[in-house]
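*Asks:* Mind looking over this structure? Questions follow.
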Amino acid sequence: MASGREGLSGMKIIPDRSVTPVLVLSLIVGWLICPGPAAAAPPPRPAQQGWSGKVTAVPEAAALEVSHDGRSESLRLAGVAPPEKNQPWGRQAQEFVETAALGQCVTVEPQGQDHKQRHLAHIILPDGRDLGAEMIKDGLAWHYRRWSKNPLLGDLEKDARDEKRGLWSDPDPVAPWDWRSPSSGNSPSKRKRHQTRAASRPLIPPSAP
């Protein structure tokens, strides 16, 4: 005979035993743990839907490889333009990103693509800080206004500039888009002077929340 209790109408209510404590626990654990490489690939995501993954490589200060659902995604930080590798503060910017994000489970907020069809994203660190914003805040990147109108990033750059943090401590910092441009007047001799000044600068650890 089926067990249960009687409802107000006199009908027996059969408890649903299909959701067990073990099942509930497994669902909670699966939600908390960062998806590993063995997870099955899901259907395509909407462009702006966030997801989580593990940072496995930092090829450049603005570029990260993030492992998610059994594949590696190449991402660039949205609205952020750090110095080039061979540029003053380029080494410090990359090591800042490696210290803050490499090996971490982060939240990725897709922001579309740039003119080179590269996938842009905001990278949110485990403590809730925005990686790109932290770089600008510490004077290790410019706000890339050409591709981002985010007023917060502009304010962070202004504060870093006023406080002469990081690259803003240089008397004449060169933006990376000018550094790459042969028509900017950035001659090899000028680059060498910048590189010599930057070689002895200490690395800047990621800021505390």
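Here's how to read the names in the structure tokens: chain A, B, ... by the order shown, residue numbers from 1 in each chain, ligand numbers from 1 in the order shown.
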Can you tell me which residues surround Asn150 (chain A) at a distance of at most 10 Å, considering only C-alpha atoms, apart from same-chain residues fewer than 6 positions away, and format the answer as a VMD selection string?

*Replies:* chain A and resid 78 to 79 143 to 144

*Asks:* Residues near region 107-116 of chain A, anyone? I mean within 9 Å using only C-alpha atoms, not counting same-chain ones fewer than 2 positions away, as a PyMOL selection string.

*Replies:* chain A and resi 47-54+66+75+78+105+118-126+128+147

*Asks:* Would you write out those residues with N, CA and C atoms, as an mmCIF file, in the first residue's frame?

*Replies:*
data_model
loop_
_atom_site.group_PDB
_atom_site.id
_atom_site.type_symbol
_atom_site.label_atom_id
_atom_site.label_comp_id
_atom_site.auth_asym_id
_atom_site.auth_seq_id
_atom_site.Cartn_x
_atom_site.Cartn_y
_atom_site.Cartn_z
ATOM 1 N N ALA A 47 25.935 35.590 -26.935
ATOM 2 C CA ALA A 47 27.173 36.370 -26.989
ATOM 3 C C ALA A 47 27.523 37.014 -25.657
ATOM 4 N N GLN A 48 26.543 37.465 -24.881
ATOM 5 C CA GLN A 48 26.832 38.209 -23.669
ATOM 6 C C GLN A 48 26.679 37.370 -22.393
ATOM 7 N N GLN A 49 26.490 36.085 -22.508
ATOM 8 C CA GLN A 49 26.306 35.253 -21.328
ATOM 9 C C GLN A 49 27.643 34.945 -20.688
ATOM 10 N N GLY A 50 27.766 35.172 -19.395
ATOM 11 C CA GLY A 50 29.013 34.921 -18.703
ATOM 12 C C GLY A 50 29.259 33.437 -18.478
ATOM 13 N N TRP A 51 30.507 33.079 -18.287
ATOM 14 C CA TRP A 51 30.869 31.694 -18.010
ATOM 15 C C TRP A 51 32.166 31.690 -17.208
ATOM 16 N N SER A 52 32.532 30.555 -16.665
ATOM 17 C CA SER A 52 33.735 30.462 -15.844
ATOM 18 C C SER A 52 34.706 29.466 -16.447
ATOM 19 N N GLY A 53 35.976 29.651 -16.154
ATOM 20 C CA GLY A 53 37.014 28.767 -16.653
ATOM 21 C C GLY A 53 38.328 29.059 -15.953
ATOM 22 N N LYS A 54 39.326 28.265 -16.269
ATOM 23 C CA LYS A 54 40.636 28.388 -15.629
ATOM 24 C C LYS A 54 41.640 29.006 -16.589
ATOM 25 N N VAL A 66 41.909 30.650 -21.688
ATOM 26 C CA VAL A 66 41.045 30.179 -20.609
ATOM 27 C C VAL A 66 40.436 28.837 -21.001
ATOM 28 N N LEU A 75 41.283 34.944 -25.383
ATOM 29 C CA LEU A 75 40.536 36.152 -25.055
ATOM 30 C C LEU A 75 41.484 37.340 -24.914
ATOM 31 N N ALA A 78 38.942 43.510 -22.538
ATOM 32 C CA ALA A 78 38.156 44.558 -23.182
ATOM 33 C C ALA A 78 38.475 45.918 -22.584
ATOM 34 N N CYS A 105 40.545 30.266 -11.338
ATOM 35 C CA CYS A 105 39.231 30.091 -11.938
ATOM 36 C C CYS A 105 38.568 31.459 -11.976
ATOM 37 N N ARG A 118 39.085 39.365 -32.780
ATOM 38 C CA ARG A 118 39.523 38.722 -31.543
ATOM 39 C C ARG A 118 38.424 38.871 -30.492
ATOM 40 N N HIS A 119 38.243 37.833 -29.702
ATOM 41 C CA HIS A 119 37.181 37.834 -28.695
ATOM 42 C C HIS A 119 37.604 38.670 -27.486
ATOM 43 N N LEU A 120 36.766 39.637 -27.153
ATOM 44 C CA LEU A 120 37.028 40.530 -26.028
ATOM 45 C C LEU A 120 36.196 40.102 -24.828
ATOM 46 N N ALA A 121 36.735 40.375 -23.639
ATOM 47 C CA ALA A 121 35.994 40.001 -22.434
ATOM 48 C C ALA A 121 36.502 40.776 -21.233
ATOM 49 N N HIS A 122 35.611 40.958 -20.266
ATOM 50 C CA HIS A 122 36.023 41.375 -18.933
ATOM 51 C C HIS A 122 36.347 40.090 -18.171
ATOM 52 N N ILE A 123 37.473 40.090 -17.490
ATOM 53 C CA ILE A 123 37.886 38.930 -16.696
ATOM 54 C C ILE A 123 37.728 39.292 -15.227
ATOM 55 N N ILE A 124 36.861 38.561 -14.547
ATOM 56 C CA ILE A 124 36.593 38.819 -13.136
ATOM 57 C C ILE A 124 37.354 37.797 -12.297
ATOM 58 N N LEU A 125 38.225 38.288 -11.423
ATOM 59 C CA LEU A 125 39.050 37.426 -10.583
ATOM 60 C C LEU A 125 38.212 36.767 -9.484
ATOM 61 N N PRO A 126 38.744 35.731 -8.838
ATOM 62 C CA PRO A 126 37.961 35.035 -7.811
ATOM 63 C C PRO A 126 37.469 35.938 -6.681
ATOM 64 N N GLY A 128 36.394 38.930 -7.093
ATOM 65 C CA GLY A 128 35.405 39.855 -7.607
ATOM 66 C C GLY A 128 35.965 41.067 -8.322
ATOM 67 N N TRP A 147 37.918 51.613 -28.384
ATOM 68 C CA TRP A 147 37.028 50.449 -28.386
ATOM 69 C C TRP A 147 36.204 50.333 -27.109
#

*Asks:* Residues at most 9 Å from region 155-163 of chain A, counting only C-alpha atoms, excluding those fewer than 4 positions away in the same chain, as a list of chain:residue names?

*Replies:*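 Surrounding residues, per the criterion: A:Ala133, A:Glu134, A:Ile136, A:Lys137, A:Asp138, A:Gly139, A:Ala141, A:Trp142, A:His143, A:Pro151, A:Leu167, A:Trp168, A:Ser169.
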
*Asks:* Might you pull out every residue within 12 Å of Pro59 (chain A), with only C-alpha atoms counted and same-chain residues fewer than 3 positions away left off, and present them as a ChimeraX atom specification?

*Replies:* /A:55-56,62-66,74-76,84-85,91,93-95,97-98,102

*Asks:* Store the residues of this selection in a file with N, CA and C atoms, as a PDB file, in the first residue's frame.

*Replies:*
ATOM      1  N   VAL A  55      42.363  30.013 -16.117  1.00  0.00           N
ATOM      2  CA  VAL A  55      43.382  30.672 -16.939  1.00  0.00           C
ATOM      3  C   VAL A  55      44.605  29.755 -17.018  1.00  0.00           C
ATOM      4  N   THR A  56      44.932  29.327 -18.226  1.00  0.00           N
ATOM      5  CA  THR A  56      46.039  28.374 -18.417  1.00  0.00           C
ATOM      6  C   THR A  56      47.292  29.008 -19.007  1.00  0.00           C
ATOM      7  N   ALA A  62      47.580  41.572 -22.297  1.00  0.00           N
ATOM      8  CA  ALA A  62      46.150  41.737 -22.563  1.00  0.00           C
ATOM      9  C   ALA A  62      45.516  40.483 -23.135  1.00  0.00           C
ATOM     10  N   ALA A  63      46.246  39.389 -23.207  1.00  0.00           N
ATOM     11  CA  ALA A  63      45.742  38.157 -23.826  1.00  0.00           C
ATOM     12  C   ALA A  63      45.825  36.993 -22.848  1.00  0.00           C
ATOM     13  N   LEU A  64      44.749  36.234 -22.755  1.00  0.00           N
ATOM     14  CA  LEU A  64      44.703  35.083 -21.862  1.00  0.00           C
ATOM     15  C   LEU A  64      44.113  33.884 -22.579  1.00  0.00           C
ATOM     16  N   GLU A  65      44.583  32.718 -22.197  1.00  0.00           N
ATOM     17  CA  GLU A  65      43.988  31.459 -22.630  1.00  0.00           C
ATOM     18  C   GLU A  65      43.198  30.907 -21.450  1.00  0.00           C
ATOM     19  N   VAL A  66      41.909  30.650 -21.688  1.00  0.00           N
ATOM     20  CA  VAL A  66      41.045  30.179 -20.609  1.00  0.00           C
ATOM     21  C   VAL A  66      40.436  28.837 -21.001  1.00  0.00           C
ATOM     22  N   SER A  74      40.790  31.757 -26.536  1.00  0.00           N
ATOM     23  CA  SER A  74      41.727  32.882 -26.566  1.00  0.00           C
ATOM     24  C   SER A  74      40.930  34.173 -26.402  1.00  0.00           C
ATOM     25  N   LEU A  75      41.283  34.944 -25.383  1.00  0.00           N
ATOM     26  CA  LEU A  75      40.536  36.152 -25.055  1.00  0.00           C
ATOM     27  C   LEU A  75      41.484  37.340 -24.914  1.00  0.00           C
ATOM     28  N   ARG A  76      40.935  38.525 -25.172  1.00  0.00           N
ATOM     29  CA  ARG A  76      41.664  39.762 -24.915  1.00  0.00           C
ATOM     30  C   ARG A  76      40.850  40.608 -23.948  1.00  0.00           C
ATOM     31  N   GLU A  84      53.382  47.185 -24.887  1.00  0.00           N
ATOM     32  CA  GLU A  84      53.890  46.023 -25.611  1.00  0.00           C
ATOM     33  C   GLU A  84      54.999  45.342 -24.793  1.00  0.00           C
ATOM     34  N   LYS A  85      55.298  44.085 -25.138  1.00  0.00           N
ATOM     35  CA  LYS A  85      56.303  43.328 -24.388  1.00  0.00           C
ATOM     36  C   LYS A  85      57.650  44.040 -24.354  1.00  0.00           C
ATOM     37  N   ARG A  91      56.897  44.353 -19.361  1.00  0.00           N
ATOM     38  CA  ARG A  91      57.201  43.177 -18.543  1.00  0.00           C
ATOM     39  C   ARG A  91      56.415  43.216 -17.235  1.00  0.00           C
ATOM     40  N   ALA A  93      53.587  44.707 -16.666  1.00  0.00           N
ATOM     41  CA  ALA A  93      52.165  44.487 -16.922  1.00  0.00           C
ATOM     42  C   ALA A  93      51.858  43.000 -17.089  1.00  0.00           C
ATOM     43  N   GLN A  94      52.710  42.284 -17.838  1.00  0.00           N
ATOM     44  CA  GLN A  94      52.449  40.860 -18.052  1.00  0.00           C
ATOM     45  C   GLN A  94      52.600  40.074 -16.755  1.00  0.00           C
ATOM     46  N   GLU A  95      53.618  40.389 -15.970  1.00  0.00           N
ATOM     47  CA  GLU A  95      53.801  39.651 -14.721  1.00  0.00           C
ATOM     48  C   GLU A  95      52.693  39.967 -13.716  1.00  0.00           C
ATOM     49  N   VAL A  97      49.550  40.387 -14.579  1.00  0.00           N
ATOM     50  CA  VAL A  97      48.440  39.531 -15.005  1.00  0.00           C
ATOM     51  C   VAL A  97      48.715  38.078 -14.623  1.00  0.00           C
ATOM     52  N   GLU A  98      49.942  37.626 -14.821  1.00  0.00           N
ATOM     53  CA  GLU A  98      50.280  36.246 -14.460  1.00  0.00           C
ATOM     54  C   GLU A  98      50.087  36.012 -12.967  1.00  0.00           C
ATOM     55  N   LEU A 102      46.877  33.737 -13.547  1.00  0.00           N
ATOM     56  CA  LEU A 102      47.329  32.438 -14.059  1.00  0.00           C
ATOM     57  C   LEU A 102      47.017  31.322 -13.064  1.00  0.00           C
TER      58      LEU A 102
END

*Asks:* Using the chain letters and numbers from this document, which residues of region 23-179 of chain A does DSSP assign to strand (DSSP E), as a VMD selection string?

*Replies:* chain A and resid 51 to 60 63 to 68 71 to 77 80 to 81 105 to 113 119 to 124 142 to 143

*Asks:* Please, what distance in Å, to one decimal, runs between CA of Ser72 (chain A) and CA of Val58 (chain A)?

*Replies:*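 Separation between CA of Ser72 (chain A) and CA of Val58 (chain A): 12.3 Å.
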
*Asks:* Hey, what does DSSP flag as alpha helix (DSSP H) within region 64-156 of chain A? Can you give it to me as number ranges by chain?

*Replies:* A: 90-101, 131-137, 151-156
